[in-house]
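Text of protein.pdb (PDB, C-alpha atoms, pLDDT in the B column) as supplied:
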ATOM      1  CA  GLY A 197     -55.019  31.434  34.718  1.00 65.00           C
ATOM      2  CA  ILE A 198     -52.533  30.126  32.220  1.00 85.00           C
ATOM      3  CA  GLN A 199     -55.056  29.571  29.407  1.00 88.00           C
ATOM      4  CA  LYS A 200     -54.395  29.836  25.693  1.00 89.00           C
ATOM      5  CA  SER A 201     -55.091  33.134  23.940  1.00 85.00           C
ATOM      6  CA  GLY A 202     -54.503  34.441  20.445  1.00 84.00           C
ATOM      7  CA  LEU A 203     -51.081  35.575  21.654  1.00 88.00           C
ATOM      8  CA  THR A 204     -49.966  32.138  22.861  1.00 83.00           C
ATOM      9  CA  PRO A 205     -46.976  30.837  20.863  1.00 88.00           C
ATOM     10  CA  TYR A 206     -47.004  27.546  18.971  1.00 89.00           C
ATOM     11  CA  GLY A 207     -46.149  24.562  21.159  1.00 88.00           C
ATOM     12  CA  THR A 208     -47.042  26.174  24.484  1.00 90.00           C
ATOM     13  CA  ARG A 209     -48.550  23.912  27.124  1.00 89.00           C
ATOM     14  CA  THR A 210     -51.390  25.705  28.899  1.00 87.00           C
ATOM     15  CA  THR A 211     -54.333  24.563  31.008  1.00 85.00           C
ATOM     16  CA  THR A 212     -56.560  24.701  27.912  1.00 86.00           C
ATOM     17  CA  THR A 213     -53.944  23.333  25.457  1.00 89.00           C
ATOM     18  CA  PRO A 214     -52.275  20.497  27.355  1.00 89.00           C
ATOM     19  CA  ALA A 215     -49.350  18.792  25.669  1.00 91.00           C
ATOM     20  CA  GLY A 216     -49.705  15.109  24.967  1.00 86.00           C
ATOM     21  CA  LYS A 217     -48.344  12.292  22.872  1.00 83.00           C
ATOM     22  CA  ASN A 218     -49.971  13.547  19.654  1.00 85.00           C
ATOM     23  CA  ILE A 219     -50.371  17.286  20.264  1.00 86.00           C
ATOM     24  CA  PRO A 220     -47.521  19.658  21.241  1.00 86.00           C
ATOM     25  CA  GLY A 221     -49.746  22.005  23.245  1.00 90.00           C
ATOM     26  CA  ASN A 222     -51.007  25.026  21.300  1.00 87.00           C
ATOM     27  CA  ILE A 223     -51.059  24.136  17.597  1.00 88.00           C
ATOM     28  CA  ASP A 224     -51.690  27.688  16.377  1.00 87.00           C
ATOM     29  CA  SER A 225     -49.143  30.419  15.732  1.00 88.00           C
ATOM     30  CA  LYS A 226     -49.506  33.518  17.871  1.00 90.00           C
ATOM     31  CA  LYS A 227     -50.983  36.691  16.440  1.00 90.00           C
ATOM     32  CA  ASP A 228     -48.665  39.662  16.046  1.00 93.00           C
ATOM     33  CA  MET A 229     -50.565  42.369  17.931  1.00 94.00           C
ATOM     34  CA  PHE A 230     -47.957  45.019  17.151  1.00 97.00           C
ATOM     35  CA  GLU A 231     -48.460  44.534  13.418  1.00 95.00           C
ATOM     36  CA  ILE A 232     -52.245  44.294  13.803  1.00 95.00           C
ATOM     37  CA  VAL A 233     -52.338  47.602  15.687  1.00 96.00           C
ATOM     38  CA  ALA A 234     -49.938  49.243  13.222  1.00 96.00           C
ATOM     39  CA  ALA A 235     -52.141  48.098  10.331  1.00 95.00           C
ATOM     40  CA  HIS A 236     -54.873  50.306  11.795  1.00 95.00           C
ATOM     41  CA  GLY A 237     -52.600  53.311  11.338  1.00 93.00           C
ATOM     42  CA  ILE A 238     -52.425  54.478  14.938  1.00 95.00           C
ATOM     43  CA  ASP A 239     -50.047  57.285  15.801  1.00 96.00           C
ATOM     44  CA  TYR A 240     -47.483  55.215  17.703  1.00 98.00           C
ATOM     45  CA  ALA A 241     -46.977  51.503  18.345  1.00 98.00           C
ATOM     46  CA  ALA A 242     -43.991  49.660  19.738  1.00 98.00           C
ATOM     47  CA  THR A 243     -42.750  46.387  21.121  1.00 98.00           C
ATOM     48  CA  ALA A 244     -40.647  46.243  24.267  1.00 98.00           C
ATOM     49  CA  SER A 245     -39.193  43.739  26.701  1.00 98.00           C
ATOM     50  CA  VAL A 246     -38.611  44.107  30.417  1.00 98.00           C
ATOM     51  CA  GLY A 247     -35.146  42.705  29.667  1.00 98.00           C
ATOM     52  CA  TYR A 248     -34.277  45.914  27.811  1.00 98.00           C
ATOM     53  CA  LEU A 249     -35.462  48.435  30.364  1.00 97.00           C
ATOM     54  CA  GLN A 250     -33.975  51.605  28.824  1.00 98.00           C
ATOM     55  CA  ASP A 251     -35.581  50.783  25.459  1.00 98.00           C
ATOM     56  CA  PHE A 252     -38.907  50.258  27.266  1.00 98.00           C
ATOM     57  CA  ILE A 253     -38.605  53.553  29.187  1.00 98.00           C
ATOM     58  CA  ASP A 254     -37.718  55.441  25.996  1.00 98.00           C
ATOM     59  CA  LYS A 255     -40.809  54.039  24.269  1.00 98.00           C
ATOM     60  CA  VAL A 256     -43.089  54.904  27.205  1.00 98.00           C
ATOM     61  CA  ASN A 257     -41.734  58.471  27.146  1.00 98.00           C
ATOM     62  CA  LYS A 258     -42.303  58.711  23.409  1.00 97.00           C
ATOM     63  CA  ALA A 259     -45.829  57.262  23.703  1.00 97.00           C
ATOM     64  CA  LYS A 260     -46.867  59.701  26.443  1.00 97.00           C
ATOM     65  CA  ASP A 261     -46.061  62.646  24.173  1.00 96.00           C
ATOM     66  CA  VAL A 262     -48.128  61.374  21.241  1.00 96.00           C
ATOM     67  CA  GLU A 263     -51.326  63.367  20.692  1.00 94.00           C
ATOM     68  CA  GLY A 264     -53.272  60.348  19.402  1.00 93.00           C
ATOM     69  CA  THR A 265     -53.382  56.666  20.193  1.00 94.00           C
ATOM     70  CA  SER A 266     -50.302  54.801  21.433  1.00 97.00           C
ATOM     71  CA  TYR A 267     -49.791  51.081  21.988  1.00 98.00           C
ATOM     72  CA  ILE A 268     -46.801  49.275  23.489  1.00 98.00           C
ATOM     73  CA  HIS A 269     -46.734  45.470  23.474  1.00 97.00           C
ATOM     74  CA  VAL A 270     -44.442  44.432  26.327  1.00 97.00           C
ATOM     75  CA  PHE A 271     -42.791  41.042  26.741  1.00 97.00           C
ATOM     76  CA  ALA A 272     -42.911  40.113  30.441  1.00 96.00           C
ATOM     77  CA  PRO A 273     -42.781  36.471  31.574  1.00 95.00           C
ATOM     78  CA  CYS A 274     -45.303  34.823  33.898  1.00 93.00           C
ATOM     79  CA  PRO A 275     -43.138  32.754  36.272  1.00 94.00           C
ATOM     80  CA  THR A 276     -46.044  30.559  37.408  1.00 92.00           C
ATOM     81  CA  GLY A 277     -47.435  29.826  33.946  1.00 91.00           C
ATOM     82  CA  TRP A 278     -44.070  29.485  32.263  1.00 92.00           C
ATOM     83  CA  GLY A 279     -42.486  27.254  34.883  1.00 93.00           C
ATOM     84  CA  ILE A 280     -39.547  29.550  35.620  1.00 95.00           C
ATOM     85  CA  GLY A 281     -38.341  31.154  38.817  1.00 94.00           C
ATOM     86  CA  ALA A 282     -39.141  34.855  39.251  1.00 95.00           C
ATOM     87  CA  GLU A 283     -35.386  35.484  39.461  1.00 96.00           C
ATOM     88  CA  LYS A 284     -35.148  34.385  35.779  1.00 96.00           C
ATOM     89  CA  THR A 285     -37.543  37.108  34.537  1.00 96.00           C
ATOM     90  CA  ILE A 286     -34.885  39.489  33.184  1.00 97.00           C
ATOM     91  CA  GLU A 287     -32.717  36.680  31.783  1.00 97.00           C
ATOM     92  CA  ILE A 288     -35.667  35.174  29.852  1.00 97.00           C
ATOM     93  CA  SER A 289     -36.773  38.660  28.738  1.00 98.00           C
ATOM     94  CA  LYS A 290     -33.349  39.354  27.232  1.00 98.00           C
ATOM     95  CA  GLU A 291     -32.924  35.907  25.766  1.00 98.00           C
ATOM     96  CA  VAL A 292     -36.234  35.970  23.876  1.00 98.00           C
ATOM     97  CA  VAL A 293     -34.933  39.012  21.968  1.00 98.00           C
ATOM     98  CA  GLU A 294     -31.521  37.415  21.416  1.00 98.00           C
ATOM     99  CA  THR A 295     -33.132  34.262  19.965  1.00 98.00           C
ATOM    100  CA  GLY A 296     -35.210  36.360  17.578  1.00 98.00           C
ATOM    101  CA  LEU A 297     -38.508  35.092  18.988  1.00 98.00           C
ATOM    102  CA  TRP A 298     -39.378  38.655  20.059  1.00 97.00           C
ATOM    103  CA  TYR A 299     -38.280  41.818  18.338  1.00 97.00           C
ATOM    104  CA  LEU A 300     -37.929  45.416  19.463  1.00 98.00           C
ATOM    105  CA  ALA A 301     -39.567  47.790  16.996  1.00 97.00           C
ATOM    106  CA  GLU A 302     -41.671  50.904  16.530  1.00 97.00           C
ATOM    107  CA  PHE A 303     -44.344  52.078  14.132  1.00 97.00           C
ATOM    108  CA  GLU A 304     -44.503  55.839  13.809  1.00 95.00           C
ATOM    109  CA  ASN A 305     -45.595  58.210  11.044  1.00 91.00           C
ATOM    110  CA  GLY A 306     -46.634  55.236   8.929  1.00 92.00           C
ATOM    111  CA  GLU A 307     -43.158  53.646   9.074  1.00 94.00           C
ATOM    112  CA  PHE A 308     -41.814  50.551  10.800  1.00 96.00           C
ATOM    113  CA  LYS A 309     -38.436  50.802  12.541  1.00 95.00           C
ATOM    114  CA  LEU A 310     -36.454  47.878  13.919  1.00 95.00           C
ATOM    115  CA  ASN A 311     -34.724  48.961  17.150  1.00 96.00           C
ATOM    116  CA  LYS A 312     -32.421  45.967  17.606  1.00 96.00           C
ATOM    117  CA  ASN A 313     -31.219  43.912  14.664  1.00 94.00           C
ATOM    118  CA  ILE A 314     -29.927  40.557  15.884  1.00 95.00           C
ATOM    119  CA  GLU A 315     -27.116  39.436  13.576  1.00 93.00           C
ATOM    120  CA  LYS A 316     -26.658  35.939  15.034  1.00 97.00           C
ATOM    121  CA  PHE A 317     -29.484  34.373  17.006  1.00 98.00           C
ATOM    122  CA  LYS A 318     -28.919  32.517  20.270  1.00 98.00           C
ATOM    123  CA  SER A 319     -30.227  28.952  20.571  1.00 97.00           C
ATOM    124  CA  VAL A 320     -34.009  28.707  20.397  1.00 98.00           C
ATOM    125  CA  GLU A 321     -33.873  25.205  21.860  1.00 97.00           C
ATOM    126  CA  GLU A 322     -31.947  26.298  24.969  1.00 97.00           C
ATOM    127  CA  TYR A 323     -34.306  29.232  25.495  1.00 97.00           C
ATOM    128  CA  LEU A 324     -37.467  27.149  25.126  1.00 97.00           C
ATOM    129  CA  LEU A 325     -36.379  24.179  27.204  1.00 96.00           C
ATOM    130  CA  LYS A 326     -35.594  26.415  30.197  1.00 95.00           C
ATOM    131  CA  GLN A 327     -39.345  26.909  30.529  1.00 95.00           C
ATOM    132  CA  GLY A 328     -41.793  24.327  31.835  1.00 93.00           C
ATOM    133  CA  ARG A 329     -44.375  25.333  29.228  1.00 94.00           C
ATOM    134  CA  PHE A 330     -42.056  24.082  26.443  1.00 94.00           C
ATOM    135  CA  LYS A 331     -40.184  21.146  28.049  1.00 94.00           C
ATOM    136  CA  HIS A 332     -42.280  18.648  26.072  1.00 93.00           C
ATOM    137  CA  LEU A 333     -41.215  19.955  22.645  1.00 95.00           C
ATOM    138  CA  GLY A 334     -39.285  17.692  20.307  1.00 93.00           C
ATOM    139  CA  LYS A 335     -36.719  18.542  17.656  1.00 96.00           C
ATOM    140  CA  GLU A 336     -39.375  18.879  14.897  1.00 94.00           C
ATOM    141  CA  ASP A 337     -41.385  21.339  17.002  1.00 94.00           C
ATOM    142  CA  ILE A 338     -38.305  23.453  17.693  1.00 96.00           C
ATOM    143  CA  GLU A 339     -37.364  23.411  13.996  1.00 97.00           C
ATOM    144  CA  LYS A 340     -40.897  24.611  13.156  1.00 96.00           C
ATOM    145  CA  ILE A 341     -40.525  27.478  15.652  1.00 96.00           C
ATOM    146  CA  GLU A 342     -37.112  28.399  14.203  1.00 97.00           C
ATOM    147  CA  ALA A 343     -38.523  28.352  10.655  1.00 97.00           C
ATOM    148  CA  GLY A 344     -41.325  30.707  11.762  1.00 95.00           C
ATOM    149  CA  ARG A 345     -38.762  32.995  13.362  1.00 97.00           C
ATOM    150  CA  ASP A 346     -36.643  33.054  10.207  1.00 97.00           C
ATOM    151  CA  LYS A 347     -39.657  33.854   8.025  1.00 96.00           C
ATOM    152  CA  LYS A 348     -40.654  36.687  10.367  1.00 96.00           C
ATOM    153  CA  TRP A 349     -37.117  38.148  10.384  1.00 96.00           C
ATOM    154  CA  ASN A 350     -36.930  38.080   6.586  1.00 95.00           C
ATOM    155  CA  LYS A 351     -39.983  40.338   6.657  1.00 93.00           C
ATOM    156  CA  ILE A 352     -38.734  42.519   9.519  1.00 94.00           C
ATOM    157  CA  ARG A 353     -35.343  43.148   7.942  1.00 91.00           C
ATOM    158  CA  ASN A 354     -37.069  44.476   4.841  1.00 88.00           C
ATOM    159  CA  TRP A 355     -38.677  47.255   6.910  1.00 82.00           C
ATOM    160  CA  ASN A 356     -35.377  49.135   7.107  1.00 58.00           C
TER     161      ASN A 356
END

Please express the file's structure as structure tokens.
Amino acid sequence: GIQKSGLTPYGTRTTTTPAGKNIPGNIDSKKDMFEIVAAHGIDYAATASVGYLQDFIDKVNKAKDVEGTSYIHVFAPCPTGWGIGAEKTIEISKEVVETGLWYLAEFENGEFKLNKNIEKFKSVEEYLLKQGRFKHLGKEDIEKIEAGRDKKWNKIRNWN
């Protein structure tokens, strides 16, 4: 386990993208599966986080009533691969949303809808450095991640 995939964020140390002196782990940006699925025009797509359980439950209930295809991309940490204790699962799952590195949204009837608009992001650096998979990142790497987040949110905020 713990290998890189197309959904692995930039800078992540995995067994197949080890971090070293010259490489910060994964050098690619992760793919946005929610947007990829929505681009295919399915009936319902959403993002969720186990840190926002009621939002997740509401989306599962909505998806089960859809006549066609539904897709929910759920943020759920891997304690072993991420180097966090299992007791930190909910905390990390809330914090990723609060830092803006994960967003809660839906795609329905051809429209995107942002479910939680974060006005002021929490510290990306604090969030990342809590996890073993990111402990090697330097200031430049974190700034690159923040810049990617800001670019994404400029796009997201134009959905509404």

Checklist entry - Care to translate the PyMOL selection byres ((chain A and resi 328) around 12) into actual residues of this file, as a ChimeraX atom specification? => result /A:207-210,215,221,274-281,323-327,329-333

Hey, what comes out of the PyMOL selection byres ((chain A and resi 228-236) around 12) on this file? Could you write it as an mmCIF file with C-alpha atoms, in the frame of the given file?
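Dumped to out00.cif:
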data_model
loop_
_atom_site.group_PDB
_atom_site.id
_atom_site.type_symbol
_atom_site.label_atom_id
_atom_site.label_comp_id
_atom_site.auth_asym_id
_atom_site.auth_seq_id
_atom_site.Cartn_x
_atom_site.Cartn_y
_atom_site.Cartn_z
ATOM 1 C CA SER A 201 -55.091 33.134 23.940
ATOM 2 C CA GLY A 202 -54.503 34.441 20.445
ATOM 3 C CA LEU A 203 -51.081 35.575 21.654
ATOM 4 C CA THR A 204 -49.966 32.138 22.861
ATOM 5 C CA PRO A 205 -46.976 30.837 20.863
ATOM 6 C CA SER A 225 -49.143 30.419 15.732
ATOM 7 C CA LYS A 226 -49.506 33.518 17.871
ATOM 8 C CA LYS A 227 -50.983 36.691 16.440
ATOM 9 C CA GLY A 237 -52.600 53.311 11.338
ATOM 10 C CA ILE A 238 -52.425 54.478 14.938
ATOM 11 C CA ASP A 239 -50.047 57.285 15.801
ATOM 12 C CA TYR A 240 -47.483 55.215 17.703
ATOM 13 C CA ALA A 241 -46.977 51.503 18.345
ATOM 14 C CA ALA A 242 -43.991 49.660 19.738
ATOM 15 C CA THR A 243 -42.750 46.387 21.121
ATOM 16 C CA ALA A 244 -40.647 46.243 24.267
ATOM 17 C CA THR A 265 -53.382 56.666 20.193
ATOM 18 C CA SER A 266 -50.302 54.801 21.433
ATOM 19 C CA TYR A 267 -49.791 51.081 21.988
ATOM 20 C CA ILE A 268 -46.801 49.275 23.489
ATOM 21 C CA HIS A 269 -46.734 45.470 23.474
ATOM 22 C CA VAL A 270 -44.442 44.432 26.327
ATOM 23 C CA PHE A 271 -42.791 41.042 26.741
ATOM 24 C CA LEU A 297 -38.508 35.092 18.988
ATOM 25 C CA TRP A 298 -39.378 38.655 20.059
ATOM 26 C CA TYR A 299 -38.280 41.818 18.338
ATOM 27 C CA LEU A 300 -37.929 45.416 19.463
ATOM 28 C CA ALA A 301 -39.567 47.790 16.996
ATOM 29 C CA GLU A 302 -41.671 50.904 16.530
ATOM 30 C CA PHE A 303 -44.344 52.078 14.132
ATOM 31 C CA GLU A 304 -44.503 55.839 13.809
ATOM 32 C CA ASN A 305 -45.595 58.210 11.044
ATOM 33 C CA GLY A 306 -46.634 55.236 8.929
ATOM 34 C CA GLU A 307 -43.158 53.646 9.074
ATOM 35 C CA PHE A 308 -41.814 50.551 10.800
ATOM 36 C CA LYS A 309 -38.436 50.802 12.541
ATOM 37 C CA LYS A 348 -40.654 36.687 10.367
ATOM 38 C CA LYS A 351 -39.983 40.338 6.657
ATOM 39 C CA ILE A 352 -38.734 42.519 9.519
#

Item to check | Point-to-point distance in Å for atom CA of Glu287 of chain A and atom CA of Ile314 of chain A | outcome: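 The value is 16.6 Å.
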
Checklist entry - What does the distance between atom CA of Glu315 of chain A and atom CA of Val293 of chain A come to in Å, to one decimal place? => result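 Between atom CA of Glu315 of chain A and atom CA of Val293 of chain A the gap works out to 11.5 Å.
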
Next on the checklist: As an exercise, work out the distance from atom CA of Thr213 of chain A to atom CA of Ile341 of chain A in Å and give it to one decimal place.
Outcome noted: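 It comes out at 17.1 Å.
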
Checklist entry - So which residues get picked by the PyMOL selection byres ((chain A and resi 290) around 10) here, written as JSON, numbers by chain? => result {"A": [245, 246, 247, 248, 249, 271, 285, 286, 287, 288, 289, 291, 292, 293, 294, 295, 298]}

Find the smallest box with edges along x, y and z containing every listed atom of segment 213-217 of chain A, then add 6 Å on each side and report centre and edge lengths in Å to one decimal, as AutoDock Vina command-line options.
--center_x -51.1 --center_y 17.8 --center_z 25.1 --size_x 17.6 --size_y 23.0 --size_z 16.5

Item to check | Selected residue of minimal separation from Asp224 of chain A among A:Lys340, A:Lys260, A:Lys335, A:Lys255, counting only C-alpha atoms | outcome: A:Lys340

Checklist entry - From the set A:Trp355, A:Lys312, A:Glu339, A:Lys347, which residue has the shortest atom-to-atom contact distance to Asp251 of chain A, counting only C-alpha atoms? => result A:Lys312

For segment 205-216 of chain A in the structure I just supplied, write out all heavy atoms - as a JSON list (two decimals), in the first residue's frame.
[["chain", "number", "residue", "atom", "x", "y", "z"],
["A", 205, "PRO", "N", -1.66, 14.08, -3.79],
["A", 205, "PRO", "CA", -1.31, 15.51, -3.85],
["A", 205, "PRO", "C", 0.19, 15.75, -4.06],
["A", 205, "PRO", "O", 1.02, 14.92, -3.69],
["A", 205, "PRO", "CB", -1.73, 16.04, -2.47],
["A", 205, "PRO", "CG", -2.66, 15.04, -1.91],
["A", 205, "PRO", "CD", -2.25, 13.72, -2.50],
["A", 206, "TYR", "N", 0.49, 16.92, -4.59],
["A", 206, "TYR", "CA", 1.88, 17.36, -4.75],
["A", 206, "TYR", "C", 2.60, 17.30, -3.40],
["A", 206, "TYR", "O", 2.04, 17.66, -2.37],
["A", 206, "TYR", "CB", 1.93, 18.80, -5.29],
["A", 206, "TYR", "CG", 3.32, 19.38, -5.25],
["A", 206, "TYR", "CD1", 4.23, 19.10, -6.26],
["A", 206, "TYR", "CD2", 3.74, 20.15, -4.17],
["A", 206, "TYR", "CE1", 5.52, 19.61, -6.20],
["A", 206, "TYR", "CE2", 5.02, 20.66, -4.11],
["A", 206, "TYR", "CZ", 5.92, 20.39, -5.12],
["A", 206, "TYR", "OH", 7.20, 20.87, -5.07],
["A", 207, "GLY", "N", 3.84, 16.82, -3.43],
["A", 207, "GLY", "CA", 4.68, 16.82, -2.24],
["A", 207, "GLY", "C", 4.52, 15.62, -1.33],
["A", 207, "GLY", "O", 5.26, 15.48, -0.36],
["A", 208, "THR", "N", 3.59, 14.73, -1.63],
["A", 208, "THR", "CA", 3.34, 13.57, -0.77],
["A", 208, "THR", "C", 4.47, 12.56, -0.89],
["A", 208, "THR", "O", 4.88, 12.18, -1.98],
["A", 208, "THR", "CB", 2.02, 12.88, -1.15],
["A", 208, "THR", "OG1", 0.97, 13.83, -1.12],
["A", 208, "THR", "CG2", 1.72, 11.73, -0.21],
["A", 209, "ARG", "N", 4.95, 12.10, 0.26],
["A", 209, "ARG", "CA", 5.91, 11.00, 0.29],
["A", 209, "ARG", "C", 5.13, 9.70, 0.31],
["A", 209, "ARG", "O", 4.27, 9.49, 1.17],
["A", 209, "ARG", "CB", 6.79, 11.10, 1.54],
["A", 209, "ARG", "CG", 7.84, 9.98, 1.58],
["A", 209, "ARG", "CD", 8.66, 10.01, 2.86],
["A", 209, "ARG", "NE", 7.79, 9.64, 3.98],
["A", 209, "ARG", "CZ", 7.80, 10.23, 5.16],
["A", 209, "ARG", "NH1", 8.61, 11.22, 5.41],
["A", 209, "ARG", "NH2", 6.99, 9.83, 6.11],
["A", 210, "THR", "N", 5.39, 8.84, -0.68],
["A", 210, "THR", "CA", 4.77, 7.53, -0.72],
["A", 210, "THR", "C", 5.87, 6.49, -0.92],
["A", 210, "THR", "O", 7.03, 6.85, -1.09],
["A", 210, "THR", "CB", 3.75, 7.40, -1.89],
["A", 210, "THR", "OG1", 4.47, 7.34, -3.13],
["A", 210, "THR", "CG2", 2.76, 8.55, -1.91],
["A", 211, "THR", "N", 5.50, 5.22, -0.96],
["A", 211, "THR", "CA", 6.52, 4.19, -1.19],
["A", 211, "THR", "C", 7.07, 4.25, -2.61],
["A", 211, "THR", "O", 8.19, 3.81, -2.85],
["A", 211, "THR", "CB", 5.95, 2.78, -0.92],
["A", 211, "THR", "OG1", 4.80, 2.59, -1.74],
["A", 211, "THR", "CG2", 5.59, 2.60, 0.54],
["A", 212, "THR", "N", 6.30, 4.79, -3.55],
["A", 212, "THR", "CA", 6.77, 4.89, -4.93],
["A", 212, "THR", "C", 7.21, 6.30, -5.32],
["A", 212, "THR", "O", 7.72, 6.51, -6.42],
["A", 212, "THR", "CB", 5.68, 4.41, -5.92],
["A", 212, "THR", "OG1", 4.48, 5.14, -5.68],
["A", 212, "THR", "CG2", 5.43, 2.92, -5.76],
["A", 213, "THR", "N", 7.03, 7.27, -4.41],
["A", 213, "THR", "CA", 7.53, 8.64, -4.61],
["A", 213, "THR", "C", 8.21, 9.08, -3.32],
["A", 213, "THR", "O", 7.72, 9.97, -2.62],
["A", 213, "THR", "CB", 6.41, 9.63, -4.99],
["A", 213, "THR", "OG1", 5.40, 9.61, -3.97],
["A", 213, "THR", "CG2", 5.80, 9.31, -6.33],
["A", 214, "PRO", "N", 9.34, 8.46, -2.99],
["A", 214, "PRO", "CA", 10.01, 8.84, -1.74],
["A", 214, "PRO", "C", 10.53, 10.27, -1.82],
["A", 214, "PRO", "O", 10.89, 10.76, -2.88],
["A", 214, "PRO", "CB", 11.16, 7.83, -1.63],
["A", 214, "PRO", "CG", 11.39, 7.36, -3.03],
["A", 214, "PRO", "CD", 10.07, 7.45, -3.73],
["A", 215, "ALA", "N", 10.53, 10.93, -0.69],
["A", 215, "ALA", "CA", 11.06, 12.29, -0.62],
["A", 215, "ALA", "C", 12.55, 12.23, -0.35],
["A", 215, "ALA", "O", 13.03, 11.43, 0.44],
["A", 215, "ALA", "CB", 10.36, 13.06, 0.50],
["A", 216, "GLY", "N", 13.28, 13.08, -1.05],
["A", 216, "GLY", "CA", 14.72, 13.12, -0.87],
["A", 216, "GLY", "C", 15.23, 14.54, -0.91],
["A", 216, "GLY", "O", 14.46, 15.50, -0.88]]
